[in-house]
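Here is the file work.txt (compact mmCIF, C-alpha atoms).
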# COMPACT_ATOMS: atom_id res chain seq x y z
CA MET A 1 -6.75 34.87 -10.34
CA ARG A 2 -7.78 31.92 -8.23
CA PRO A 3 -5.55 28.89 -8.90
CA SER A 4 -7.53 26.17 -10.59
CA ALA A 5 -8.36 23.07 -8.60
CA ASP A 6 -6.34 21.01 -11.02
CA PRO A 7 -3.21 22.97 -11.83
CA ILE A 8 -1.37 20.29 -13.78
CA ASN A 9 -2.49 19.09 -17.14
CA PRO A 10 -3.79 15.53 -16.64
CA ASP A 11 -1.95 14.49 -19.79
CA ARG A 12 1.38 15.48 -18.22
CA ARG A 13 0.59 13.40 -15.17
CA ALA A 14 -0.38 10.51 -17.42
CA ALA A 15 2.84 10.89 -19.41
CA TRP A 16 4.82 10.71 -16.20
CA LEU A 17 3.00 7.61 -14.93
CA ILE A 18 3.51 5.94 -18.32
CA ARG A 19 7.29 6.30 -17.81
CA LEU A 20 7.02 4.31 -14.59
CA GLY A 21 4.83 1.74 -16.29
CA ASP A 22 7.28 1.45 -19.20
CA ASP A 23 10.20 0.77 -16.83
CA ALA A 24 8.28 -1.99 -15.08
CA LEU A 25 6.94 -3.49 -18.31
CA MET A 26 10.31 -3.89 -20.01
CA LEU A 27 12.00 -5.34 -16.96
CA GLY A 28 9.03 -7.63 -16.31
CA HIS A 29 9.12 -8.85 -19.90
CA ARG A 30 12.85 -9.48 -19.72
CA LEU A 31 12.46 -11.54 -16.53
CA SER A 32 9.62 -13.52 -18.08
CA GLU A 33 12.09 -14.63 -20.76
CA TRP A 34 13.78 -16.70 -18.03
CA SER A 35 10.68 -18.84 -17.48
CA SER A 36 11.68 -22.50 -17.85
CA ARG A 37 15.36 -21.52 -18.37
CA ALA A 38 16.61 -20.41 -14.96
CA PRO A 39 19.55 -22.23 -13.31
CA THR A 40 17.37 -23.96 -10.68
CA LEU A 41 13.68 -24.68 -10.28
CA GLU A 42 13.38 -22.34 -7.27
CA GLU A 43 15.02 -19.53 -9.19
CA ASP A 44 12.79 -20.17 -12.19
CA ILE A 45 9.77 -19.65 -9.95
CA ALA A 46 11.43 -16.64 -8.32
CA LEU A 47 12.18 -14.84 -11.59
CA SER A 48 8.66 -15.53 -12.88
CA ASN A 49 7.22 -14.12 -9.65
CA LEU A 50 9.38 -11.01 -9.90
CA ALA A 51 8.18 -10.62 -13.49
CA LEU A 52 4.57 -10.95 -12.32
CA ASP A 53 5.01 -8.19 -9.73
CA LEU A 54 6.44 -5.87 -12.36
CA ILE A 55 3.72 -6.59 -14.93
CA GLY A 56 1.15 -5.98 -12.18
CA GLN A 57 2.77 -2.63 -11.34
CA THR A 58 2.78 -1.77 -15.04
CA ARG A 59 -0.95 -2.41 -15.32
CA ALA A 60 -1.73 -0.29 -12.26
CA PHE A 61 0.28 2.69 -13.57
CA TYR A 62 -1.08 2.33 -17.12
CA GLN A 63 -4.69 2.01 -15.96
CA HIS A 64 -4.42 5.13 -13.84
CA ALA A 65 -2.68 7.02 -16.67
CA CYS A 66 -5.45 6.01 -19.08
CA LYS A 67 -8.05 7.28 -16.63
CA LEU A 68 -6.24 10.64 -16.39
CA GLU A 69 -6.07 10.84 -20.18
CA GLY A 70 -9.83 10.47 -20.28
CA GLY A 71 -10.01 7.00 -21.76
CA MET A 72 -8.66 7.69 -25.27
CA ARG A 73 -6.58 4.50 -25.05
CA ASP A 74 -6.30 1.52 -22.74
CA GLU A 75 -3.49 -0.43 -21.07
CA ASP A 76 -3.20 -2.85 -23.98
CA GLY A 77 -2.92 0.07 -26.37
CA LEU A 78 -0.01 1.42 -24.34
CA ALA A 79 1.80 -1.91 -24.15
CA PHE A 80 1.11 -3.38 -27.56
CA ARG A 81 0.39 -0.56 -29.97
CA ARG A 82 3.18 1.92 -29.41
CA SER A 83 6.45 1.78 -31.30
CA GLU A 84 9.97 1.93 -29.98
CA HIS A 85 10.43 5.71 -29.89
CA GLU A 86 7.13 6.14 -28.01
CA PHE A 87 8.34 4.13 -25.02
CA ARG A 88 9.88 6.18 -22.22
CA ASN A 89 11.64 3.55 -20.13
CA VAL A 90 15.23 3.97 -18.98
CA GLN A 91 17.69 2.01 -21.09
CA LEU A 92 18.84 -0.21 -18.21
CA VAL A 93 15.62 -2.25 -18.16
CA GLU A 94 15.70 -3.13 -21.86
CA GLN A 95 19.22 -4.62 -21.69
CA LEU A 96 19.53 -8.30 -22.54
CA ASN A 97 19.25 -11.00 -19.89
CA GLY A 98 22.76 -12.18 -20.81
CA ASN A 99 24.05 -14.70 -18.30
CA PHE A 100 22.54 -15.10 -14.83
CA ALA A 101 24.96 -12.57 -13.33
CA ASP A 102 23.94 -9.97 -15.92
CA THR A 103 20.28 -10.45 -15.00
CA ILE A 104 20.98 -10.28 -11.27
CA VAL A 105 23.14 -7.15 -11.51
CA ARG A 106 20.51 -5.43 -13.68
CA HIS A 107 17.90 -6.31 -11.06
CA VAL A 108 19.96 -5.13 -8.10
CA LEU A 109 20.56 -1.79 -9.82
CA PHE A 110 16.93 -1.28 -10.77
CA SER A 111 15.40 -2.39 -7.49
CA ALA A 112 17.91 -0.35 -5.43
CA PHE A 113 16.50 2.65 -7.33
CA ALA A 114 12.84 1.59 -7.41
CA TYR A 115 12.54 0.68 -3.73
CA PRO A 116 13.32 4.15 -2.30
CA PHE A 117 11.66 5.83 -5.29
CA HIS A 118 8.30 4.11 -4.72
CA ARG A 119 8.60 4.79 -1.01
CA ALA A 120 8.92 8.49 -1.82
CA LEU A 121 6.06 8.28 -4.31
CA SER A 122 3.80 6.69 -1.70
CA ARG A 123 3.45 10.24 -0.29
CA SER A 124 1.79 11.44 -3.52
CA HIS A 125 -1.28 13.62 -3.01
CA ASP A 126 -3.11 11.40 -5.51
CA PRO A 127 -4.38 8.55 -3.29
CA GLU A 128 -4.42 6.03 -6.14
CA VAL A 129 -0.78 6.77 -7.06
CA ALA A 130 0.18 6.71 -3.37
CA GLY A 131 -1.47 3.31 -2.95
CA ILE A 132 0.11 1.76 -6.04
CA ALA A 133 3.52 3.07 -5.02
CA ALA A 134 3.21 1.91 -1.40
CA ARG A 135 2.65 -1.64 -2.50
CA ALA A 136 5.24 -1.47 -5.27
CA GLY A 137 7.73 -0.19 -2.68
CA ASN A 138 7.11 -3.23 -0.47
CA GLU A 139 7.50 -5.50 -3.47
CA MET A 140 10.72 -3.85 -4.63
CA ALA A 141 12.20 -4.30 -1.15
CA TYR A 142 11.65 -8.01 -1.69
CA HIS A 143 13.24 -7.81 -5.16
CA LEU A 144 16.27 -5.98 -3.83
CA ARG A 145 16.72 -8.48 -1.03
CA HIS A 146 16.46 -11.46 -3.37
CA SER A 147 18.74 -10.12 -6.10
CA GLY A 148 21.12 -8.65 -3.50
CA GLU A 149 21.51 -12.05 -1.82
CA TRP A 150 22.30 -13.60 -5.19
CA LEU A 151 24.86 -10.95 -6.05
CA ILE A 152 26.62 -11.59 -2.73
CA ARG A 153 26.74 -15.32 -3.52
CA LEU A 154 28.02 -14.71 -7.04
CA GLY A 155 30.58 -12.06 -6.09
CA ASP A 156 31.84 -13.89 -3.03
CA GLY A 157 31.57 -17.29 -4.72
CA THR A 158 33.95 -18.98 -7.15
CA ALA A 159 36.55 -17.22 -9.27
CA GLU A 160 34.29 -17.66 -12.29
CA SER A 161 31.11 -16.35 -10.64
CA HIS A 162 33.08 -13.41 -9.25
CA ALA A 163 34.51 -12.55 -12.66
CA LYS A 164 31.10 -12.76 -14.33
CA ALA A 165 29.43 -10.64 -11.65
CA GLN A 166 32.16 -7.97 -11.92
CA ALA A 167 31.93 -8.00 -15.73
CA ALA A 168 28.14 -7.56 -15.51
CA LEU A 169 28.56 -4.65 -13.11
CA ASP A 170 31.13 -2.98 -15.38
CA MET A 171 28.87 -3.44 -18.40
CA LEU A 172 25.66 -2.14 -16.76
CA TRP A 173 27.04 0.65 -14.57
CA PRO A 174 26.94 3.26 -17.40
CA TYR A 175 23.12 2.89 -17.35
CA VAL A 176 22.82 3.86 -13.67
CA ASP A 177 22.95 7.66 -13.95
CA GLU A 178 19.92 7.74 -16.22
CA LEU A 179 17.77 6.36 -13.38
CA PHE A 180 18.37 9.55 -11.39
CA ALA A 181 18.56 12.11 -14.19
CA SER A 182 15.44 14.10 -13.44
CA ASP A 183 14.12 16.34 -16.18
CA ALA A 184 11.56 19.14 -16.23
CA LEU A 185 8.61 16.74 -16.08
CA ASP A 186 10.03 14.90 -13.06
CA ARG A 187 10.57 18.16 -11.25
CA GLU A 188 7.15 19.50 -12.17
CA MET A 189 5.50 16.35 -10.83
CA ALA A 190 7.57 16.36 -7.64
CA GLU A 191 6.94 20.05 -6.95
CA SER A 192 3.20 19.67 -7.38
CA GLY A 193 3.12 16.81 -4.87
CA PHE A 194 1.80 14.35 -7.46
CA GLY A 195 5.12 12.65 -8.21
CA ALA A 196 8.57 12.15 -6.73
CA ASP A 197 11.97 13.31 -7.94
CA PRO A 198 14.25 10.38 -8.84
CA ALA A 199 17.34 12.51 -8.17
CA GLN A 200 16.40 12.64 -4.49
CA VAL A 201 16.74 8.90 -3.95
CA ARG A 202 20.32 8.59 -5.20
CA PRO A 203 21.80 8.51 -1.66
CA ALA A 204 19.49 5.62 -0.70
CA PHE A 205 20.53 3.77 -3.87
CA ASP A 206 24.23 4.38 -3.18
CA SER A 207 24.05 3.07 0.37
CA ALA A 208 22.11 -0.11 -0.55
CA VAL A 209 24.38 -0.87 -3.51
CA GLU A 210 27.51 -0.11 -1.50
CA ARG A 211 26.42 -2.54 1.16
CA VAL A 212 25.75 -5.36 -1.31
CA LEU A 213 28.94 -4.77 -3.30
CA SER A 214 31.19 -4.74 -0.28
CA GLU A 215 29.75 -8.00 1.01
CA ALA A 216 29.98 -9.41 -2.52
CA THR A 217 33.65 -8.32 -2.72
CA LEU A 218 32.86 -6.52 -5.96
CA GLU A 219 34.22 -3.17 -7.02
CA ARG A 220 32.00 -0.26 -7.80
CA PRO A 221 32.97 0.90 -11.30
CA PRO A 222 34.34 4.45 -11.57
CA ALA A 223 31.89 7.17 -12.53
CA ALA A 224 31.95 7.73 -16.26
CA PRO A 225 29.71 9.43 -18.82
CA GLY A 226 26.60 7.30 -18.98
CA HIS A 227 23.95 6.42 -21.53
CA ARG A 228 20.89 8.66 -21.68
CA GLY A 229 17.83 9.13 -23.80
CA GLY A 230 15.25 6.55 -22.73
CA ARG A 231 12.96 9.23 -21.27
CA ASP A 232 12.99 10.96 -24.67
CA GLY A 233 12.27 7.79 -26.61
CA VAL A 234 15.87 7.05 -27.59
CA HIS A 235 16.69 3.41 -27.00
CA THR A 236 19.38 0.82 -27.49
CA GLU A 237 19.05 -1.70 -30.30
CA HIS A 238 17.59 -4.28 -27.89
CA LEU A 239 14.21 -2.63 -27.36
CA GLY A 240 13.04 -3.11 -30.95
CA HIS A 241 13.70 -6.85 -30.74
CA LEU A 242 11.91 -7.07 -27.42
CA LEU A 243 8.86 -5.29 -28.85
CA ALA A 244 8.85 -7.48 -31.95
CA GLN A 245 8.26 -10.45 -29.70
CA MET A 246 6.03 -8.83 -27.09
CA GLN A 247 3.74 -7.08 -29.56
CA TYR A 248 3.58 -9.76 -32.24
CA LEU A 249 0.08 -11.00 -31.46
CA GLN A 250 -1.57 -7.57 -31.26
CA ARG A 251 0.25 -6.40 -34.39
CA ALA A 252 -0.76 -9.47 -36.38
CA HIS A 253 -4.31 -9.60 -35.02
CA PRO A 254 -5.17 -6.06 -33.87
CA GLY A 255 -7.70 -6.04 -31.02
CA ALA A 256 -7.49 -9.79 -30.39
CA SER A 257 -8.72 -10.65 -26.89
CA TRP A 258 -9.00 -13.71 -24.67
CA MET B 1 -42.38 5.60 -4.46
CA PRO B 2 -40.73 3.06 -2.17
CA GLU B 3 -39.88 4.29 1.25
CA TRP B 4 -36.51 3.30 2.62
CA ASN B 5 -36.00 3.71 6.26
CA GLU B 6 -32.67 3.49 8.02
CA ALA B 7 -33.30 0.00 9.35
CA ASP B 8 -34.13 -1.38 5.89
CA LEU B 9 -30.98 0.14 4.42
CA ALA B 10 -28.81 -1.21 7.23
CA SER B 11 -30.26 -4.68 6.83
CA LYS B 12 -29.85 -4.57 3.05
CA ARG B 13 -26.26 -3.48 3.40
CA ARG B 14 -25.59 -6.21 5.94
CA ARG B 15 -27.00 -8.90 3.64
CA ALA B 16 -24.88 -7.59 0.75
CA TYR B 17 -21.79 -7.49 2.96
CA GLU B 18 -22.31 -11.05 4.12
CA ALA B 19 -22.77 -12.27 0.54
CA ALA B 20 -19.57 -10.56 -0.60
CA ALA B 21 -17.62 -11.55 2.52
CA GLY B 22 -18.26 -15.24 1.88
CA VAL B 23 -16.30 -15.26 -1.41
CA ARG B 24 -13.20 -17.42 -1.11
CA ASP B 25 -9.72 -16.84 -2.47
CA PRO B 26 -9.45 -19.15 -5.50
CA GLU B 27 -5.83 -20.01 -4.66
CA ILE B 28 -6.18 -20.40 -0.87
CA PRO B 29 -9.81 -21.47 -0.49
CA VAL B 30 -9.66 -21.71 3.32
CA LEU B 31 -9.63 -17.90 3.36
CA THR B 32 -12.49 -15.60 2.49
CA ILE B 33 -11.86 -12.18 1.05
CA ALA B 34 -12.97 -10.74 4.40
CA ASP B 35 -10.29 -12.82 6.19
CA LEU B 36 -7.69 -11.50 3.76
CA GLY B 37 -8.70 -7.88 4.27
CA ILE B 38 -9.40 -7.51 0.55
CA LEU B 39 -13.07 -6.60 1.05
CA HIS B 40 -12.76 -2.93 1.90
CA ASP B 41 -16.22 -1.46 1.63
CA VAL B 42 -19.80 -2.37 0.82
CA SER B 43 -22.22 0.52 0.45
CA ILE B 44 -25.56 1.34 -1.10
CA GLY B 45 -25.27 3.83 -3.92
CA PRO B 46 -27.83 5.88 -5.78
CA GLY B 47 -30.89 3.92 -6.87
CA GLY B 48 -30.16 1.22 -4.31
CA ARG B 49 -27.22 -0.19 -6.27
CA ILE B 50 -24.63 -2.07 -4.22
CA ASP B 51 -21.11 -0.63 -4.49
CA VAL B 52 -18.25 -2.85 -3.42
CA VAL B 53 -14.59 -1.82 -3.14
CA ILE B 54 -11.95 -4.53 -3.09
CA LEU B 55 -8.22 -3.98 -2.60
CA PRO B 56 -5.87 -5.82 -4.96
CA THR B 57 -3.21 -7.83 -3.12
CA TYR B 58 0.15 -8.44 -4.82
CA SER B 59 0.54 -6.28 -7.93
CA GLY B 60 0.61 -9.28 -10.22
CA CYS B 61 -1.91 -11.48 -8.42
CA PRO B 62 -3.77 -13.35 -11.14
CA ALA B 63 -6.70 -14.08 -8.82
CA MET B 64 -8.05 -10.52 -8.60
CA GLY B 65 -10.08 -10.69 -11.81
CA ILE B 66 -11.68 -13.94 -10.69
CA ILE B 67 -12.41 -12.54 -7.23
CA GLN B 68 -14.10 -9.53 -8.81
CA ILE B 69 -16.37 -11.79 -10.90
CA GLU B 70 -17.11 -14.05 -7.94
CA VAL B 71 -18.18 -11.11 -5.78
CA GLU B 72 -20.56 -10.01 -8.55
CA THR B 73 -21.92 -13.55 -8.81
CA ALA B 74 -22.35 -13.94 -5.04
CA LEU B 75 -24.23 -10.65 -4.86
CA ALA B 76 -26.45 -11.59 -7.80
CA ARG B 77 -27.24 -14.88 -6.10
CA ALA B 78 -28.21 -12.99 -2.93
CA GLY B 79 -30.61 -10.86 -4.97
CA PHE B 80 -28.40 -7.88 -5.76
CA ALA B 81 -28.18 -7.76 -9.53
CA HIS B 82 -25.87 -5.27 -11.28
CA ALA B 83 -23.66 -4.59 -8.27
CA ASN B 84 -20.67 -2.39 -8.98
CA VAL B 85 -17.44 -4.09 -7.87
CA ARG B 86 -14.44 -1.81 -8.10
CA LEU B 87 -10.72 -2.37 -7.48
CA SER B 88 -8.96 0.40 -5.57
CA HIS B 89 -5.29 0.88 -4.67
CA SER B 90 -6.21 3.27 -1.92
CA PRO B 91 -5.73 2.33 0.87
CA PRO B 92 -2.95 -0.03 -0.23
CA TRP B 93 -3.47 -3.62 0.82
CA SER B 94 -0.82 -5.27 2.94
CA THR B 95 -0.68 -8.55 4.83
CA ASP B 96 -1.26 -6.51 8.01
CA ARG B 97 -4.91 -6.29 6.91
CA MET B 98 -5.37 -10.03 7.34
CA SER B 99 -7.65 -10.86 10.28
CA ASP B 100 -6.61 -12.96 13.30
CA GLU B 101 -9.23 -15.49 12.28
CA GLY B 102 -7.69 -15.64 8.80
CA ARG B 103 -4.22 -16.19 10.29
CA GLU B 104 -5.54 -19.06 12.41
CA LYS B 105 -7.23 -20.67 9.39
CA LEU B 106 -3.97 -20.48 7.44
CA ARG B 107 -2.02 -22.11 10.25
CA ALA B 108 -4.62 -24.86 10.58
CA CYS B 109 -4.18 -25.80 6.92
CA GLY B 110 -0.38 -25.88 7.13
CA ILE B 111 0.54 -22.42 5.85
CA ALA B 112 2.49 -20.16 8.22
CA PRO B 113 0.69 -16.80 8.44
CA PRO B 114 2.56 -13.56 7.57
CA SER B 115 4.41 -11.70 10.32
CA ARG B 116 3.01 -8.33 11.28
CA GLY B 117 4.67 -5.03 10.50
CA ALA B 118 4.86 -5.21 6.69
CA GLY B 119 7.17 -2.59 5.22
CA LYS B 120 8.75 -1.78 8.58
CA ARG B 121 11.48 -4.39 8.54
CA SER B 122 15.06 -3.59 7.63
CA LEU B 123 15.99 -4.24 4.06
CA PHE B 124 18.58 -6.97 4.35
CA GLU B 125 18.41 -8.44 7.83
CA THR B 126 14.75 -9.15 8.12
CA GLY B 127 15.07 -11.31 11.23
CA GLU B 128 11.80 -12.98 10.36
CA GLU B 129 10.71 -15.50 12.93
CA VAL B 130 8.38 -18.01 11.41
CA ALA B 131 6.92 -20.77 13.59
CA CYS B 132 6.28 -24.16 11.98
CA PRO B 133 2.53 -24.37 11.29
CA ARG B 134 2.60 -28.14 12.00
CA CYS B 135 4.58 -28.57 15.25
CA GLY B 136 4.83 -24.94 16.38
CA SER B 137 8.62 -25.02 16.64
CA PRO B 138 10.36 -21.67 16.11
CA GLY B 139 13.33 -23.54 14.60
CA THR B 140 12.67 -22.97 10.91
CA GLU B 141 14.66 -21.91 7.86
CA ARG B 142 13.89 -20.44 4.49
CA ILE B 143 14.33 -22.62 1.41
CA SER B 144 13.18 -20.10 -1.19
CA GLU B 145 11.69 -16.60 -1.10
CA PHE B 146 9.24 -17.81 -3.73
CA GLY B 147 6.78 -20.66 -3.54
CA SER B 148 3.72 -22.24 -5.08
CA THR B 149 1.88 -18.96 -5.67
CA ALA B 150 2.92 -15.30 -5.89
CA CYS B 151 2.00 -14.77 -2.24
CA LYS B 152 3.96 -17.63 -0.68
CA ALA B 153 7.57 -18.49 0.19
CA LEU B 154 8.93 -21.96 0.88
CA TRP B 155 10.30 -22.77 4.36
CA ARG B 156 11.17 -25.88 6.34
CA CYS B 157 11.06 -26.86 9.99
CA THR B 158 14.33 -28.04 11.53
CA SER B 159 12.46 -29.86 14.35
CA CYS B 160 9.80 -31.92 12.58
CA ARG B 161 11.63 -31.66 9.22
CA GLU B 162 8.46 -30.80 7.31
CA PRO B 163 8.61 -28.26 4.48
CA PHE B 164 5.81 -25.69 4.53
CA ASP B 165 4.49 -22.59 2.77
CA TYR B 166 4.86 -19.20 4.42
CA PHE B 167 2.45 -16.45 3.40
CA LYS B 168 4.84 -13.66 2.42
CA CYS B 169 4.78 -10.49 4.44
CA ILE B 170 4.18 -7.60 2.04
For the structure just supplied, provide its representation as structure tokens.
Amino acid sequence: MRPSADPINPDRRAAWLIRLGDDALMLGHRLSEWSSRAPTLEEDIALSNLALDLIGQTRAFYQHACKLEGGMRDEDGLAFRRSEHEFRNVQLVEQLNGNFADTIVRHVLFSAFAYPFHRALSRSHDPEVAGIAARAGNEMAYHLRHSGEWLIRLGDGTAESHAKAQAALDMLWPYVDELFASDALDREMAESGFGADPAQVRPAFDSAVERVLSEATLERPPAAPGHRGGRDGVHTEHLGHLLAQMQYLQRAHPGASW
Amino acid sequence: MPEWNEADLASKRRRAYEAAAGVRDPEIPVLTIADLGILHDVSIGPGGRIDVVILPTYSGCPAMGIIQIEVETALARAGFAHANVRLSHSPPWSTDRMSDEGREKLRACGIAPPSRGAGKRSLFETGEEVACPRCGSPGTERISEFGSTACKALWRCTSCREPFDYFKCI
């Protein structure tokens, strides 16, 4: 039998893109919580800009996913009218902002994954996905550079900033493995040439993180069993609180628009 | 039945292109969308409808929606009602698409234009050399990676001491 022109179910492709959108949405929302509260004016602007990039990436992935699904829902439906267990983001991105070091470590870990991952995804055979990923890759390089420079300052700074940066790293490290834990859907997407396999970018992550940590005089925590489940809709207690705030308007006034 | 010959179509397309190309960036009004490399394609579709493809810049740029509406308005004003203006991520926009003329206009209004070679620099040691848009001195330093809009960073000149915006290289 002749292989069909479209061998993968569009819904599976959409489901995979929604994962990427969910990662970017939660981290973007978390960073937006810093607006007007960051330690300096420049950093306030910086964190808001990083948030804006991530929300923009979210919209691009969601819009394309909705198109593949055939238009049964839209980007607002995905962001505002799904409940906790329907989100497929990794657990790292939903973690609390905590202190500034916690936010910076979370961002170094995510962008050290996302930068090489989007680079790999920019070779997708779907030109729209390739284009979104190419630009997201360039943006995440910027994110990694910015958060990496901060982590070096914090780690190689005062005794207090060093201690807080190390504590943040120890707290968030158990969420790292989930970023690279590819499942059947990841592999299916990578093999078809539509997606990319997160497991493949682990070496690039390790070398970027190693470089920042050594300059920051911080110690890489020992490998230990990590948290998992975000890709299956299992989340930490923090996601529900985040959604309660983010979705309030659309839940209280369904369909409200500007 | 109206007869369209090649010359008519070419002239119609050119008029539509010029109308769309004149739309200015709402945040940096010295630049048109043609200068920025956002205006990717203008073509004549079935039934004589004008199809325009624009490339979104930074993922979170809040100006894209406004630019889309302004292109539609400019085309309507030039006599092309119901034009179809579409955003496409393919090919991906980068600052390398900005024209030389656009770079010169940026410099003239005090914003240092982006370096070339987006996405090819090393991750941590970018070695960016940014000349002061006011005095031309290469002696400059970065104040913040983030500036007055999503697309700009804040720098200062160590010769003339003026702070200035640098259009980020993405």
Q: Would you list the contacts of region 87-104 of chain B as a ChimeraX atom specification, taking every protein, DNA or RNA residue within 8 Å and counting only C-alpha atoms, but skipping same-chain residues closer than 3 positions in sequence?
A: /A:127-132,134-135 /B:31-32,34-38,53-57,107-108,113-114,116-118,168-170
(Q) Env of Ala81 (chain B): 9 Å cut, atoms = all atoms listed in the file, seq-sep filter 5 positions within chain, self excluded. Answer as a PyMOL selection string. (A) chain B and resi 49-50+72-73+75-76
Q: May I have the residues of chain A within 9 Å of chain B, counting all atoms listed in the file, written as a count of residues only?
A: 38
Q: Find the residues around Ser192 (chain A) up to 10 Å (all atoms listed in the file counted), leave out those fewer than 2 positions away in its own chain, and share them as a ChimeraX atom specification.
A: /A:7-8,124-125,187-190,194-196
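Taking CA of Glu215 (chain A) and CA of Phe113 (chain A) as endpoints, the distance between them is 18.9 Å.
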Q. Hey, what's within 12 Å of Asp206 (chain A) if we count all atoms listed in the file and toss same-chain stuff fewer than 6 positions away? As number ranges by chain, please?
A. A: 108-113, 116, 176-177, 180, 199-200, 212-214, 220
Q) If you count all atoms listed in the file, which residues fall within 7 Å of region 9-15 of chain A, apart from same-chain ones fewer than 5 positions away, as a VMD selection string? A) chain A and resid 65 to 66 68 to 69
Enclose all atoms of region 125-131 of chain A listed in the file in an axis-aligned box, grow every side by 3 Å, and hand back centre and edge lengths in Å to one decimal, as JSON.
{"center_x": -2.1, "center_y": 8.5, "center_z": -5.0, "size_x": 10.6, "size_y": 16.3, "size_z": 10.1}
Q: Quote the spacing between CA of Ala159 (chain A) and CA of Ala101 (chain A) in Å to one decimal place.
A: 13.1 Å
Could I get region 146-160 of chain B rebuilt with N, CA and C atoms, written as a PDB file, keeping the file's coordinate frame?
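As a result, result_14.pdb now contains:
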ATOM      1  N   PHE B 146      10.366 -17.697  -2.809  1.00  0.00           N
ATOM      2  CA  PHE B 146       9.240 -17.810  -3.730  1.00  0.00           C
ATOM      3  C   PHE B 146       8.687 -19.222  -3.680  1.00  0.00           C
ATOM      4  N   GLY B 147       7.374 -19.342  -3.683  1.00  0.00           N
ATOM      5  CA  GLY B 147       6.780 -20.660  -3.540  1.00  0.00           C
ATOM      6  C   GLY B 147       5.708 -20.946  -4.566  1.00  0.00           C
ATOM      7  N   SER B 148       4.688 -21.701  -4.129  1.00  0.00           N
ATOM      8  CA  SER B 148       3.720 -22.240  -5.080  1.00  0.00           C
ATOM      9  C   SER B 148       2.808 -21.190  -5.702  1.00  0.00           C
ATOM     10  N   THR B 149       2.630 -20.060  -5.048  1.00  0.00           N
ATOM     11  CA  THR B 149       1.880 -18.960  -5.670  1.00  0.00           C
ATOM     12  C   THR B 149       2.644 -17.680  -5.376  1.00  0.00           C
ATOM     13  N   ALA B 150       2.209 -16.578  -6.020  1.00  0.00           N
ATOM     14  CA  ALA B 150       2.920 -15.300  -5.890  1.00  0.00           C
ATOM     15  C   ALA B 150       2.990 -14.846  -4.429  1.00  0.00           C
ATOM     16  N   CYS B 151       2.057 -15.306  -3.600  1.00  0.00           N
ATOM     17  CA  CYS B 151       2.000 -14.770  -2.240  1.00  0.00           C
ATOM     18  C   CYS B 151       2.716 -15.655  -1.226  1.00  0.00           C
ATOM     19  N   LYS B 152       3.362 -16.737  -1.661  1.00  0.00           N
ATOM     20  CA  LYS B 152       3.960 -17.630  -0.680  1.00  0.00           C
ATOM     21  C   LYS B 152       5.464 -17.864  -0.891  1.00  0.00           C
ATOM     22  N   ALA B 153       6.156 -18.109   0.225  1.00  0.00           N
ATOM     23  CA  ALA B 153       7.570 -18.490   0.190  1.00  0.00           C
ATOM     24  C   ALA B 153       7.667 -19.908   0.750  1.00  0.00           C
ATOM     25  N   LEU B 154       8.784 -20.578   0.450  1.00  0.00           N
ATOM     26  CA  LEU B 154       8.930 -21.960   0.880  1.00  0.00           C
ATOM     27  C   LEU B 154       9.916 -22.047   2.055  1.00  0.00           C
ATOM     28  N   TRP B 155       9.476 -22.633   3.158  1.00  0.00           N
ATOM     29  CA  TRP B 155      10.300 -22.770   4.360  1.00  0.00           C
ATOM     30  C   TRP B 155      10.328 -24.236   4.778  1.00  0.00           C
ATOM     31  N   ARG B 156      11.228 -24.548   5.747  1.00  0.00           N
ATOM     32  CA  ARG B 156      11.170 -25.880   6.340  1.00  0.00           C
ATOM     33  C   ARG B 156      11.436 -25.799   7.840  1.00  0.00           C
ATOM     34  N   CYS B 157      10.921 -26.813   8.548  1.00  0.00           N
ATOM     35  CA  CYS B 157      11.060 -26.860   9.990  1.00  0.00           C
ATOM     36  C   CYS B 157      12.267 -27.725  10.318  1.00  0.00           C
ATOM     37  N   THR B 158      13.151 -27.236  11.197  1.00  0.00           N
ATOM     38  CA  THR B 158      14.330 -28.040  11.530  1.00  0.00           C
ATOM     39  C   THR B 158      14.019 -29.007  12.682  1.00  0.00           C
ATOM     40  N   SER B 159      12.838 -28.900  13.296  1.00  0.00           N
ATOM     41  CA  SER B 159      12.460 -29.860  14.350  1.00  0.00           C
ATOM     42  C   SER B 159      11.716 -31.055  13.777  1.00  0.00           C
ATOM     43  N   CYS B 160      10.570 -30.779  13.100  1.00  0.00           N
ATOM     44  CA  CYS B 160       9.800 -31.920  12.580  1.00  0.00           C
ATOM     45  C   CYS B 160      10.177 -32.245  11.135  1.00  0.00           C
TER      46      CYS B 160
END
